[in-house]
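Right, one structure below, let's go through it.
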Amino acid sequence: MNTKSNIIKKAEFNPKIKSYILFVVSFFLLISIAGIPILIVWFLGLGQYISKRFYENLECQLTNRHLEFKKGVLFKVEKTIPLENIQDLTFIENPLLKYLDLRILKIETAGQSNPKGSDMKLIGIIDSANFKEQVLKQREAIQSYSKNSSQNISSSEKTNILLEEIRDLLNEIKNKD
């Protein structure tokens, strides 16, 4: 992941994610007719292996400018979301998640390409409410800094425009003589 930025918080993931993945995939294999034979292989060891590898590859960290996330078993995904683009942070719970004491933190950003889905879903962060608060605090800090910077820039730009107008007026007065 990005080592240039200062890491504010690294997310820790609950090991119960492995059970959640095992149950969810089992459910979908069970409801599909073609998946029933695969279900046997899934419970004989493939499910435990894949869920363990998924858990081992999960990584998420909050830096001073971004939220960085890595996941995957066969196909690995690495996402970096600028904090100023984050629009909404939502918790998702269902009976299975509640039973396993897990939560999904859904992150939506401005200008996302898929309006039906979110840009990122983080499953099973330990102390997810605190992690969400840290992300929101850092986003607010960036937004307030950007707002102050833009006000300073706009006032200096106004000064430059005014000085250029004064220069032009002085040049016109000089040329009349």
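By convention in this document, the chains of the structure tokens carry letters A, B, ... by their order, each chain's residues are numbered from 1, and ligands are numbered from 1 in the order they are shown.
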
Please identify the strand (DSSP E) residues within chain A (assignment by DSSP from backbone atoms) and present them as a PyMOL selection string.
chain A and resi 7-10+59-63+66-71+77-82+86-92+104-109+120-123

Residues from the last selection, N, CA and C atoms, saved as a tab-separated table (two decimals), in the first residue's frame:
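Ended up saving to part-v6.tsv:
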chain	number	residue	atom	x	y	z
A	7	ILE	N	-0.01	7.08	8.05
A	7	ILE	CA	-1.09	6.17	8.40
A	7	ILE	C	-1.68	6.63	9.73
A	8	ILE	N	-2.99	6.90	9.71
A	8	ILE	CA	-3.69	7.34	10.91
A	8	ILE	C	-4.20	6.13	11.68
A	9	LYS	N	-4.81	5.19	10.95
A	9	LYS	CA	-5.37	4.01	11.61
A	9	LYS	C	-5.38	2.84	10.63
A	10	LYS	N	-4.97	1.69	11.12
A	10	LYS	CA	-5.07	0.44	10.36
A	10	LYS	C	-6.26	-0.33	10.90
A	59	GLU	N	-6.85	-6.02	4.01
A	59	GLU	CA	-6.02	-4.97	4.58
A	59	GLU	C	-6.71	-3.63	4.31
A	60	CYS	N	-6.80	-2.79	5.30
A	60	CYS	CA	-7.41	-1.47	5.14
A	60	CYS	C	-6.71	-0.50	6.05
A	61	GLN	N	-6.41	0.68	5.53
A	61	GLN	CA	-5.79	1.69	6.37
A	61	GLN	C	-6.28	3.08	5.97
A	62	LEU	N	-6.37	3.91	6.98
A	62	LEU	CA	-6.76	5.30	6.81
A	62	LEU	C	-5.49	6.13	6.89
A	63	THR	N	-5.23	6.88	5.82
A	63	THR	CA	-4.07	7.78	5.82
A	63	THR	C	-4.58	9.20	5.94
A	66	HIS	N	-6.22	9.50	2.20
A	66	HIS	CA	-6.93	8.44	1.49
A	66	HIS	C	-7.41	7.33	2.43
A	67	LEU	N	-8.30	6.53	1.89
A	67	LEU	CA	-8.69	5.27	2.51
A	67	LEU	C	-8.22	4.19	1.54
A	68	GLU	N	-7.32	3.33	1.99
A	68	GLU	CA	-6.72	2.31	1.13
A	68	GLU	C	-7.19	0.93	1.57
A	69	PHE	N	-7.52	0.09	0.58
A	69	PHE	CA	-8.12	-1.21	0.86
A	69	PHE	C	-7.60	-2.26	-0.11
A	70	LYS	N	-7.27	-3.44	0.42
A	70	LYS	CA	-6.83	-4.58	-0.41
A	70	LYS	C	-7.62	-5.81	0.00
A	71	LYS	N	-8.01	-6.61	-0.99
A	71	LYS	CA	-8.70	-7.86	-0.72
A	71	LYS	C	-8.54	-8.78	-1.92
A	77	VAL	N	-7.88	-7.09	-5.45
A	77	VAL	CA	-8.34	-5.73	-5.69
A	77	VAL	C	-7.64	-4.82	-4.70
A	78	GLU	N	-7.14	-3.71	-5.20
A	78	GLU	CA	-6.55	-2.69	-4.34
A	78	GLU	C	-7.18	-1.36	-4.72
A	79	LYS	N	-7.84	-0.74	-3.76
A	79	LYS	CA	-8.53	0.53	-4.00
A	79	LYS	C	-7.97	1.61	-3.11
A	80	THR	N	-7.89	2.81	-3.67
A	80	THR	CA	-7.53	3.99	-2.90
A	80	THR	C	-8.60	5.03	-3.17
A	81	ILE	N	-9.27	5.44	-2.11
A	81	ILE	CA	-10.34	6.42	-2.24
A	81	ILE	C	-9.90	7.71	-1.53
A	82	PRO	N	-9.84	8.82	-2.27
A	82	PRO	CA	-9.54	10.10	-1.61
A	82	PRO	C	-10.65	10.45	-0.62
A	86	ILE	N	-15.47	11.00	-0.44
A	86	ILE	CA	-16.42	10.16	0.29
A	86	ILE	C	-17.68	10.96	0.59
A	87	GLN	N	-18.82	10.43	0.14
A	87	GLN	CA	-20.11	11.07	0.35
A	87	GLN	C	-20.86	10.50	1.55
A	88	ASP	N	-20.79	9.17	1.71
A	88	ASP	CA	-21.60	8.53	2.74
A	88	ASP	C	-20.91	7.29	3.27
A	89	LEU	N	-21.05	7.08	4.58
A	89	LEU	CA	-20.58	5.87	5.25
A	89	LEU	C	-21.80	5.26	5.93
A	90	THR	N	-22.14	4.02	5.57
A	90	THR	CA	-23.34	3.37	6.07
A	90	THR	C	-23.00	2.01	6.64
A	91	PHE	N	-23.65	1.65	7.76
A	91	PHE	CA	-23.52	0.31	8.31
A	91	PHE	C	-24.64	-0.56	7.76
A	92	ILE	N	-24.31	-1.80	7.42
A	92	ILE	CA	-25.29	-2.78	6.96
A	92	ILE	C	-25.23	-3.96	7.92
A	104	ILE	N	-21.03	-4.54	8.11
A	104	ILE	CA	-20.48	-4.12	6.83
A	104	ILE	C	-20.50	-2.60	6.81
A	105	LEU	N	-19.36	-1.99	6.53
A	105	LEU	CA	-19.26	-0.55	6.38
A	105	LEU	C	-19.23	-0.26	4.88
A	106	LYS	N	-20.30	0.35	4.39
A	106	LYS	CA	-20.45	0.64	2.96
A	106	LYS	C	-20.02	2.09	2.73
A	107	ILE	N	-19.10	2.28	1.78
A	107	ILE	CA	-18.55	3.60	1.50
A	107	ILE	C	-18.96	4.01	0.10
A	108	GLU	N	-19.63	5.15	-0.01
A	108	GLU	CA	-20.06	5.68	-1.31
A	108	GLU	C	-19.31	6.98	-1.57
A	109	THR	N	-18.93	7.17	-2.82
A	109	THR	CA	-18.15	8.35	-3.18
A	109	THR	C	-18.87	9.18	-4.23
A	120	MET	N	-17.02	0.72	-2.12
A	120	MET	CA	-16.29	-0.20	-1.26
A	120	MET	C	-17.19	-0.72	-0.15
A	121	LYS	N	-17.06	-1.99	0.17
A	121	LYS	CA	-17.73	-2.57	1.32
A	121	LYS	C	-16.68	-3.25	2.17
A	122	LEU	N	-16.57	-2.82	3.42
A	122	LEU	CA	-15.61	-3.38	4.36
A	122	LEU	C	-16.37	-4.26	5.35
A	123	ILE	N	-16.10	-5.55	5.32
A	123	ILE	CA	-16.82	-6.50	6.17
A	123	ILE	C	-15.97	-6.84	7.39

Pull the helix (DSSP H, G or I) assignments for stretch 33-66 of chain A out of DSSP run on the backbone, and list those residues as a ChimeraX atom specification.
/A:36-57

Print the selection's residues with N, CA, C and O atoms to a file, as a compact mmCIF listing (two decimals), in the first residue's frame.
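Saved as again_13.txt:
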# COMPACT_ATOMS: atom_id res chain seq x y z
N ILE A 36 -25.19 -27.62 -5.95
CA ILE A 36 -25.30 -28.64 -4.90
C ILE A 36 -24.12 -29.62 -4.92
O ILE A 36 -23.54 -29.89 -3.87
N PRO A 37 -23.69 -30.12 -6.08
CA PRO A 37 -22.50 -30.99 -6.06
C PRO A 37 -21.23 -30.25 -5.61
O PRO A 37 -20.37 -30.83 -4.93
N ILE A 38 -21.13 -28.98 -5.95
CA ILE A 38 -19.97 -28.19 -5.54
C ILE A 38 -19.99 -27.95 -4.03
O ILE A 38 -18.95 -27.81 -3.39
N LEU A 39 -21.18 -27.94 -3.44
CA LEU A 39 -21.35 -27.72 -2.01
C LEU A 39 -20.58 -28.76 -1.20
O LEU A 39 -19.98 -28.44 -0.17
N ILE A 40 -20.56 -29.99 -1.68
CA ILE A 40 -19.83 -31.07 -0.98
C ILE A 40 -18.33 -30.74 -0.95
O ILE A 40 -17.69 -30.82 0.10
N VAL A 41 -17.79 -30.35 -2.11
CA VAL A 41 -16.37 -29.98 -2.19
C VAL A 41 -16.10 -28.75 -1.32
O VAL A 41 -15.05 -28.64 -0.68
N TRP A 42 -17.07 -27.83 -1.32
CA TRP A 42 -16.93 -26.60 -0.53
C TRP A 42 -16.75 -26.92 0.95
O TRP A 42 -15.89 -26.35 1.62
N PHE A 43 -17.57 -27.85 1.46
CA PHE A 43 -17.48 -28.20 2.88
C PHE A 43 -16.33 -29.16 3.19
O PHE A 43 -15.92 -29.28 4.35
N LEU A 44 -15.80 -29.88 2.21
CA LEU A 44 -14.68 -30.79 2.45
C LEU A 44 -13.34 -30.07 2.59
O LEU A 44 -12.34 -30.71 2.86
N GLY A 45 -13.32 -28.77 2.37
CA GLY A 45 -12.06 -28.07 2.59
C GLY A 45 -11.85 -26.85 1.72
O GLY A 45 -11.13 -25.94 2.11
N LEU A 46 -12.46 -26.81 0.55
CA LEU A 46 -12.26 -25.67 -0.35
C LEU A 46 -12.77 -24.39 0.30
O LEU A 46 -12.12 -23.34 0.21
N GLY A 47 -13.91 -24.45 0.95
CA GLY A 47 -14.50 -23.28 1.59
C GLY A 47 -13.62 -22.73 2.70
O GLY A 47 -13.42 -21.51 2.80
N GLN A 48 -13.09 -23.62 3.53
CA GLN A 48 -12.23 -23.17 4.62
C GLN A 48 -10.94 -22.53 4.07
O GLN A 48 -10.46 -21.53 4.58
N TYR A 49 -10.40 -23.13 3.00
CA TYR A 49 -9.17 -22.61 2.40
C TYR A 49 -9.40 -21.22 1.81
O TYR A 49 -8.62 -20.30 2.08
N ILE A 50 -10.46 -21.07 1.03
CA ILE A 50 -10.72 -19.79 0.37
C ILE A 50 -11.06 -18.71 1.40
O ILE A 50 -10.56 -17.59 1.32
N SER A 51 -11.89 -19.03 2.38
CA SER A 51 -12.24 -18.02 3.38
C SER A 51 -11.02 -17.62 4.22
O SER A 51 -10.86 -16.45 4.58
N LYS A 52 -10.14 -18.58 4.50
CA LYS A 52 -8.92 -18.27 5.25
C LYS A 52 -8.01 -17.36 4.44
O LYS A 52 -7.48 -16.38 4.96
N ARG A 53 -7.84 -17.66 3.16
CA ARG A 53 -7.01 -16.83 2.28
C ARG A 53 -7.59 -15.42 2.12
O ARG A 53 -6.86 -14.44 2.10
N PHE A 54 -8.93 -15.34 2.00
CA PHE A 54 -9.59 -14.03 1.89
C PHE A 54 -9.29 -13.20 3.13
O PHE A 54 -8.93 -12.02 3.03
N TYR A 55 -9.44 -13.80 4.31
CA TYR A 55 -9.19 -13.10 5.57
C TYR A 55 -7.73 -12.64 5.66
O TYR A 55 -7.45 -11.52 6.10
N GLU A 56 -6.81 -13.50 5.25
CA GLU A 56 -5.38 -13.16 5.33
C GLU A 56 -5.01 -12.01 4.40
O GLU A 56 -4.08 -11.25 4.68
N ASN A 57 -5.73 -11.87 3.29
CA ASN A 57 -5.41 -10.83 2.31
C ASN A 57 -6.13 -9.51 2.55
O ASN A 57 -5.89 -8.55 1.84

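Proximity to A:Ser128 was assessed for A:Gln143, A:Leu102, A:Phe23, A:Leu169 counting only C-alpha atoms; the smallest distance is recorded for A:Leu102.
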
In terms of the shortest atom-to-atom distance over only C-alpha atoms, which of A:Asn175, A:Tyr20, A:Val135, A:Ser155 is closest to A:Leu97?
A:Tyr20

Taken to one decimal, the atom CA of A:Glu93-atom CA of A:Ile125 distance is 12.8 Å
